[in-house]
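Data block for target.csv (CSV, C-alpha atoms):
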```csv
chain,number,residue,atom,x,y,z
A,28,MET,CA,69.9,108.9,103.8
A,29,GLU,CA,71.2,105.4,104.2
A,30,ASN,CA,71.1,103.2,101.2
A,31,ASP,CA,69.3,100.4,103.0
A,32,ALA,CA,66.5,102.7,104.1
A,33,LYS,CA,63.1,101.3,103.5
A,34,ARG,CA,60.3,103.1,101.6
A,35,PHE,CA,57.5,103.9,104.1
A,36,LEU,CA,54.2,105.1,102.9
A,37,TYR,CA,51.6,106.5,105.4
A,38,VAL,CA,48.2,106.3,103.8
A,39,ASN,CA,45.6,108.8,105.2
A,40,ARG,CA,42.0,108.1,104.2
A,41,LYS,CA,39.9,109.7,106.9
A,42,ALA,CA,38.7,113.2,107.7
A,43,PRO,CA,40.9,115.0,110.3
A,44,TYR,CA,38.2,115.1,113.0
A,45,GLY,CA,35.4,112.7,113.9
A,46,THR,CA,37.9,109.9,114.5
A,47,ILE,CA,41.4,109.9,115.9
A,48,TYR,CA,43.1,108.2,113.0
A,49,ALA,CA,44.5,111.3,111.3
A,50,LEU,CA,46.1,112.7,114.5
A,51,GLU,CA,47.6,109.3,115.5
A,52,SER,CA,48.9,108.8,112.0
A,53,LEU,CA,50.7,112.2,112.2
A,54,GLU,CA,52.2,111.1,115.6
A,55,VAL,CA,53.7,108.0,113.9
A,56,VAL,CA,55.1,110.1,111.0
A,57,LEU,CA,56.8,112.5,113.5
A,58,ILE,CA,58.3,109.7,115.6
A,59,GLY,CA,59.2,107.7,112.5
A,60,ALA,CA,61.1,110.6,111.0
A,61,ALA,CA,63.9,110.0,113.5
A,62,PHE,CA,64.6,106.6,111.8
A,63,GLU,CA,65.9,108.1,108.6
A,64,GLN,CA,63.8,106.0,106.3
A,65,ASN,CA,62.4,107.1,102.9
A,66,VAL,CA,59.1,108.5,103.9
A,67,SER,CA,56.0,109.4,101.8
A,68,LEU,CA,52.5,110.4,102.8
A,69,ALA,CA,49.4,109.7,100.7
A,70,PHE,CA,46.1,111.5,101.1
A,71,LEU,CA,43.0,110.1,99.5
A,72,ASP,CA,39.3,109.7,100.1
A,73,ASP,CA,38.3,112.0,103.0
A,74,GLY,CA,41.9,112.1,104.0
A,75,VAL,CA,42.4,115.0,101.6
A,76,PHE,CA,40.5,117.2,104.1
A,77,GLN,CA,43.4,116.8,106.5
A,78,LEU,CA,45.4,119.2,104.5
A,79,THR,CA,42.8,121.9,103.9
A,80,LYS,CA,43.6,125.4,105.1
A,81,GLY,CA,41.5,127.5,107.5
A,82,GLN,CA,40.6,124.6,109.8
A,83,ASP,CA,38.8,125.9,112.9
A,84,THR,CA,38.0,123.3,115.6
A,85,GLN,CA,36.7,125.7,118.3
A,86,GLY,CA,33.1,124.6,117.9
A,87,ILE,CA,33.9,120.9,118.5
A,88,GLY,CA,36.4,121.4,121.4
A,89,VAL,CA,39.1,119.3,119.7
A,90,LYS,CA,42.7,120.5,119.2
A,91,ASN,CA,43.4,121.8,115.7
A,92,PHE,CA,46.5,119.9,114.7
A,93,SER,CA,46.6,121.1,111.1
A,94,PRO,CA,49.6,123.5,111.6
A,95,THR,CA,51.7,120.4,112.3
A,96,TYR,CA,51.6,119.4,108.6
A,97,ARG,CA,53.5,122.6,107.8
A,98,ALA,CA,56.3,121.5,110.1
A,99,LEU,CA,56.9,118.2,108.3
A,100,GLY,CA,59.5,119.7,106.1
A,101,ASP,CA,61.7,120.3,109.2
A,102,TYR,CA,61.5,116.5,109.8
A,103,ASP,CA,62.7,115.7,106.2
A,104,VAL,CA,59.2,114.5,105.4
A,105,ASN,CA,58.6,116.3,102.1
A,106,LYS,CA,56.7,113.9,99.8
A,107,LEU,CA,53.0,114.4,100.3
A,108,TYR,CA,50.9,112.8,97.5
A,109,VAL,CA,47.3,114.0,97.2
A,110,GLU,CA,44.9,112.2,95.0
A,111,LYS,CA,43.4,114.4,92.3
A,112,GLU,CA,40.1,112.5,92.0
A,113,SER,CA,39.6,112.5,95.8
A,114,LEU,CA,39.9,116.3,95.8
A,115,GLU,CA,37.5,116.7,92.8
A,116,GLU,CA,34.9,114.3,94.2
A,117,ARG,CA,34.7,116.6,97.2
A,118,GLY,CA,34.6,119.9,95.3
A,119,LEU,CA,38.2,120.7,96.4
A,120,SER,CA,41.2,121.9,94.5
A,121,VAL,CA,44.8,122.5,95.4
A,122,ASP,CA,43.9,126.1,96.3
A,123,ASP,CA,41.9,124.8,99.2
A,124,LEU,CA,45.0,123.1,100.7
A,125,GLN,CA,47.6,124.6,103.0
A,126,GLU,CA,50.9,125.6,101.4
A,127,ILE,CA,53.4,123.1,102.7
A,128,THR,CA,57.0,123.5,101.8
A,129,TYR,CA,60.5,122.2,102.6
A,130,GLU,CA,64.0,123.5,102.1
A,131,ASP,CA,65.9,121.4,99.5
A,132,GLU,CA,69.4,120.7,100.9
A,133,ASP,CA,70.5,119.5,97.5
A,134,ASP,CA,69.5,122.7,95.8
A,135,ASP,CA,70.9,125.5,97.9
A,136,TRP,CA,68.1,125.2,100.5
A,137,GLU,CA,65.6,126.4,98.0
A,138,GLU,CA,62.0,126.4,99.3
A,139,LYS,CA,59.9,123.9,97.3
A,140,PRO,CA,56.4,122.6,97.6
A,141,SER,CA,55.9,119.3,99.5
A,142,ILE,CA,52.4,118.6,98.1
A,143,ASN,CA,52.2,116.7,94.8
A,144,ILE,CA,48.8,116.2,93.2
A,145,VAL,CA,48.7,112.8,91.5
A,146,SER,CA,46.1,110.8,89.6
A,147,ARG,CA,44.4,107.7,91.0
A,148,SER,CA,46.5,105.5,88.7
A,149,GLU,CA,49.7,107.3,89.7
A,150,MET,CA,48.8,106.8,93.4
A,151,ALA,CA,48.5,103.0,92.7
A,152,ASP,CA,52.0,103.1,91.3
A,153,ILE,CA,53.3,105.0,94.3
A,154,MET,CA,51.7,102.4,96.6
A,155,ALA,CA,53.1,99.5,94.6
A,156,ASN,CA,56.6,101.0,94.9
A,157,GLN,CA,56.7,100.8,98.8
A,158,ASP,CA,58.3,98.4,101.2
A,159,VAL,CA,56.1,99.3,104.2
A,160,VAL,CA,52.5,100.7,103.9
A,161,LEU,CA,50.8,101.9,107.1
A,162,SER,CA,47.1,102.7,106.5
A,163,PHE,CA,45.1,105.1,108.7
B,15,MET,CA,59.2,84.8,106.5
B,16,LYS,CA,59.2,87.4,109.3
B,17,PHE,CA,55.9,89.1,109.8
B,18,GLY,CA,55.2,92.3,111.7
B,19,VAL,CA,51.6,92.7,112.8
B,20,VAL,CA,49.7,95.9,113.7
B,21,ILE,CA,46.3,95.8,115.5
B,22,SER,CA,44.5,99.1,115.3
B,23,GLU,CA,41.0,98.4,116.5
B,24,GLY,CA,39.6,97.5,119.9
B,25,PRO,CA,38.7,94.0,121.1
B,26,TYR,CA,35.1,92.7,120.9
B,27,THR,CA,33.8,95.8,119.1
B,28,HIS,CA,35.8,94.9,116.0
B,29,GLN,CA,37.1,91.7,114.4
B,30,ALA,CA,40.6,93.1,113.9
B,31,SER,CA,42.3,91.5,116.9
B,32,ASP,CA,40.5,88.2,116.3
B,33,SER,CA,41.6,88.1,112.6
B,34,ALA,CA,45.1,89.0,113.7
B,35,PHE,CA,45.1,86.2,116.2
B,36,ASN,CA,44.0,83.7,113.6
B,37,PHE,CA,46.6,85.0,111.2
B,38,VAL,CA,49.4,84.8,113.7
B,39,LYS,CA,48.4,81.2,114.7
B,40,ALA,CA,48.4,80.1,111.1
B,41,ALA,CA,51.7,81.9,110.3
B,42,ILE,CA,53.5,80.2,113.1
B,43,ALA,CA,51.9,76.8,112.3
B,44,ASN,CA,53.4,77.2,108.8
B,45,GLY,CA,56.9,77.9,110.0
B,46,HIS,CA,56.9,81.7,109.8
B,47,GLU,CA,58.1,84.1,112.5
B,48,VAL,CA,56.1,86.7,114.2
B,49,PRO,CA,58.5,88.4,116.6
B,50,ARG,CA,56.3,91.4,117.6
B,51,ILE,CA,52.7,92.6,117.6
B,52,PHE,CA,52.1,96.4,117.9
B,53,PHE,CA,48.8,97.6,119.3
B,54,TYR,CA,47.7,101.1,118.2
B,55,HIS,CA,44.6,103.3,118.3
B,56,ASP,CA,41.9,101.4,120.2
B,57,GLY,CA,43.9,98.2,119.7
B,58,VAL,CA,45.7,99.1,122.9
B,59,ASN,CA,42.6,98.0,124.8
B,60,VAL,CA,43.3,94.4,124.0
B,61,GLY,CA,46.0,94.5,126.7
B,62,THR,CA,43.9,95.3,129.7
B,63,ARG,CA,43.9,92.5,132.3
B,64,LEU,CA,40.6,93.8,133.8
B,65,SER,CA,38.3,92.7,131.0
B,66,VAL,CA,35.8,90.0,132.1
B,67,PRO,CA,34.0,88.6,129.1
B,68,PRO,CA,31.2,86.1,129.6
B,69,GLN,CA,32.5,82.6,130.3
B,70,ASP,CA,31.1,81.1,127.1
B,71,GLU,CA,33.0,83.8,125.0
B,72,ARG,CA,36.6,83.9,124.0
B,73,ASN,CA,38.9,85.9,126.2
B,74,ILE,CA,40.9,88.0,123.7
B,75,GLN,CA,43.5,89.2,126.1
B,76,LYS,CA,44.2,85.7,127.4
B,77,GLN,CA,44.5,84.3,123.9
B,78,TRP,CA,47.3,86.8,123.2
B,79,THR,CA,49.0,86.3,126.5
B,80,GLU,CA,49.1,82.6,125.9
B,81,ILE,CA,50.2,82.6,122.3
B,82,ALA,CA,52.9,85.2,123.1
B,83,ASP,CA,54.2,83.1,126.0
B,84,GLU,CA,54.3,79.9,123.9
B,85,ASN,CA,56.1,81.6,120.9
B,86,CYS,CA,58.1,84.4,122.5
B,87,ILE,CA,56.1,87.2,120.8
B,88,ASP,CA,56.7,90.7,122.0
B,89,LEU,CA,53.3,92.3,122.6
B,90,VAL,CA,53.8,96.1,122.5
B,91,ILE,CA,51.2,98.6,123.4
B,92,CYS,CA,51.8,102.2,122.1
B,93,ILE,CA,52.3,104.5,125.1
B,94,ALA,CA,50.8,107.6,123.5
B,95,ALA,CA,47.7,105.8,122.5
B,96,ALA,CA,47.6,103.9,125.8
B,97,GLN,CA,47.8,107.0,128.0
B,98,ARG,CA,44.8,108.6,126.2
B,99,ARG,CA,42.7,105.5,126.8
B,100,GLY,CA,43.6,104.8,130.4
B,101,MET,CA,46.0,101.9,129.8
B,102,LEU,CA,48.9,102.1,132.3
B,103,ASP,CA,51.6,99.8,133.6
B,104,GLU,CA,52.9,100.1,137.1
B,105,ASN,CA,55.7,102.5,136.2
B,106,GLU,CA,53.4,104.8,134.3
B,107,ALA,CA,50.7,104.8,136.9
B,108,ASN,CA,53.3,105.9,139.5
B,109,ARG,CA,54.7,108.5,137.2
B,110,GLN,CA,51.3,109.9,136.4
B,111,GLY,CA,50.1,109.7,140.0
B,112,LYS,CA,47.3,107.2,139.2
B,113,ASP,CA,46.0,104.7,141.8
B,114,ALA,CA,45.9,101.7,139.5
B,115,ASN,CA,47.4,99.9,136.5
B,116,ASN,CA,45.9,97.4,134.2
B,117,ILE,CA,48.4,95.9,131.7
B,118,ALA,CA,48.0,92.2,131.3
B,119,GLU,CA,50.8,89.7,131.6
B,120,GLY,CA,52.9,89.4,128.4
B,121,PHE,CA,52.1,92.9,127.2
B,122,ARG,CA,54.4,95.8,127.6
B,123,ILE,CA,54.1,99.6,127.0
B,124,SER,CA,56.6,101.3,124.7
B,125,GLY,CA,56.9,104.0,122.1
B,126,LEU,CA,56.0,104.3,118.4
B,127,GLY,CA,59.6,103.7,117.5
B,128,GLN,CA,58.9,100.0,118.1
B,129,LEU,CA,56.3,100.2,115.3
B,130,ILE,CA,58.8,101.8,112.9
B,131,GLU,CA,61.5,99.3,114.0
B,132,MET,CA,59.1,96.4,113.3
B,133,GLY,CA,58.5,97.8,109.8
B,134,ILE,CA,62.2,98.0,109.2
B,135,GLN,CA,63.0,94.5,110.5
B,136,SER,CA,60.0,92.5,109.1
B,137,ASP,CA,59.8,91.0,105.6
B,138,ARG,CA,56.1,92.0,105.6
B,139,LEU,CA,54.1,94.3,107.8
B,140,ILE,CA,50.4,93.6,108.0
B,141,THR,CA,47.7,95.8,109.6
B,142,PHE,CA,44.5,94.5,111.1
B,143,GLY,CA,42.1,97.4,111.3
B,144,ASP,CA,39.3,99.3,109.6
```

I'd like the structure from this file rewritten - as structure tokens, please.
Amino acid sequence: MENDAKRFLYVNRKAPYGTIYALESLEVVLIGAAFEQNVSLAFLDDGVFQLTKGQDTQGIGVKNFSPTYRALGDYDVNKLYVEKESLEERGLSVDDLQEITYEDEDDDWEEKPSINIVSRSEMADIMANQDVVLSF
Amino acid sequence: MKFGVVISEGPYTHQASDSAFNFVKAAIANGHEVPRIFFYHDGVNVGTRLSVPPQDERNIQKQWTEIADENCIDLVICIAAAQRRGMLDENEANRQGKDANNIAEGFRISGLGQLIEMGIQSDRLITFGD
């Protein structure tokens, strides 16, 4: 990664379906990956539902794009921060989320989890530490 | 300072594009630069030349076309978001076999890379949306 890369944070606050924000956020992340910036994703409020496993959209006639999150590791997008309080407020825990991993090139390509559960105050620090914040 | 601006809500329905317009006007008046505006989500609809608002209302598309012309602002409409919503320039209309195009003067259709590039090149990136 280039030293002059900027820190980009994509903030995801909305449920995966019902509005298009989550899908079009993911499209920016995938395109943006080609620019070799320092990328992180934040999931809070209803945005935590984007990462839940077992999504089934057949009943609403909308494409289920949740498998795409598991491919993010292949795009070198491996810092996914999920807010603990947002999960708890919705009766969710980390067990309700998809397993998302990446292969760490600095550690003999060992498979490691991409999802980090962080507290609300840690999330504030993560946001404060960015150059570019894109909110969806 | 160099600002990048993202507009992510549609015109008239939402205040986002009006607030962005006021911000850009004020920024330029205060000596700042706004080289590019990126229209995403329903924000792409700002760039249609076919909107006909009542005469005693502001014309949002015209406001953008004029301020862009006066200040050399690059008005970029996201192609992926635009295609979903029926926003096509002449090239895209031909390529997709459509019988019309609707992009207003001063706007152009391009990819999401333009948004990332704007984030990299700006001192501050500011989003007007929900």

Exercise. In Å to one decimal, how far is atom CA of A:Glu130 from atom CA of A:Val109?
Worked result: 19.8 Å

Seminar exercise, completed: Among B:Asn105, B:Thr62, B:Thr141, B:Asn116, chain A is approached most closely, using all atoms listed in the file, by B:Thr141

Exercise. Any idea what's packed within 10 Å of A:Lys106, counting only C-alpha atoms, ignoring anything in its chain fewer than 2 positions away? Could you give it as a ChimeraX atom specification?
Worked result: /A:36,65-69,99-100,103-104,108-109,128-129,140-143

For this session: Please determine the contact residues of chain B with respect to chain A at a cut-off of 8 Å, counting all atoms listed in the file, and supply them as number ranges by chain.
Result: B: 55, 95, 126-127, 130, 133-134, 138-139, 141

Exercise. When distances are computed from only C-alpha atoms, which of B:Ser124, B:Glu84, B:Ala118, B:Thr79 shows the smallest separation from B:Gln97?
Worked result: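 Checking each candidate against B:Gln97, we get B:Ser124 as the closest.
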
For this session: Rounded to one decimal place, report the atom CA of B:Gly120-atom CA of B:Leu89 distance in Å.
Result: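 Value for the atom CA of B:Gly120-atom CA of B:Leu89 distance: 6.5 Å.
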
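One finds atom CA of B:Asp83 at 15.8 Å from atom CA of B:Val60.
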
For this session: Write out as a count of residues only each polymer residue whose atoms come within 8 Å of stretch 45-48 of chain B, counting only C-alpha atoms; drop sequence neighbours fewer than 2 positions from it.
Result: 12

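Ranking A:Leu53, A:Thr46, A:Arg40, A:Asn105 by their shortest atom-to-atom distance to A:Asp73, with only C-alpha atoms included, puts A:Arg40 first.
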
Seminar exercise, completed: If you count all atoms listed in the file, the residue of A:Pro43, A:Asp101, A:Leu50, A:Leu78 closest to A:Asp131 turns out to be A:Asp101

Problem set entry | A:Asp122, A:Pro94, A:Ser148, A:Glu115 ranked by distance to A:Gln77, top pick (using all atoms listed in the file) |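 For A:Gln77, the nearest of the given residues is A:Pro94.
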
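The environment of A:Gly81 within 10 Å, counting all atoms listed in the file and disregarding residues fewer than 2 places along the same chain, consists of Leu78, Thr79, Asp83, Thr84, Ser93, Pro94, Asp123, Leu124 and Gln125 of chain A.
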
For this session: Rank nothing, just name the residue among A:Ser146, A:Gln157, A:Gln85, A:Asn91 nearest to A:Tyr37, using only C-alpha atoms.
Result: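 Among the listed residues, A:Gln157 lies closest to A:Tyr37.
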
For this session: Determine, counting only C-alpha atoms, which protein, DNA and RNA residues have an atom within 10 Å of an atom of A:Arg117; residues of the same chain fewer than 5 positions away are not included. Present the result as a ChimeraX atom specification.
Result: /A:72-73,75-76,112

Restricting the output to C-alpha atoms, write the selected residues as an mmCIF file, keeping the file's coordinate frame.
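Printed below is part-v1.cif as written:
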```
data_model
loop_
_atom_site.group_PDB
_atom_site.id
_atom_site.type_symbol
_atom_site.label_atom_id
_atom_site.label_comp_id
_atom_site.auth_asym_id
_atom_site.auth_seq_id
_atom_site.Cartn_x
_atom_site.Cartn_y
_atom_site.Cartn_z
ATOM 1 C CA ASP A 72 39.300 109.700 100.100
ATOM 2 C CA ASP A 73 38.300 112.000 103.000
ATOM 3 C CA VAL A 75 42.400 115.000 101.600
ATOM 4 C CA PHE A 76 40.500 117.200 104.100
ATOM 5 C CA GLU A 112 40.100 112.500 92.000
#
```
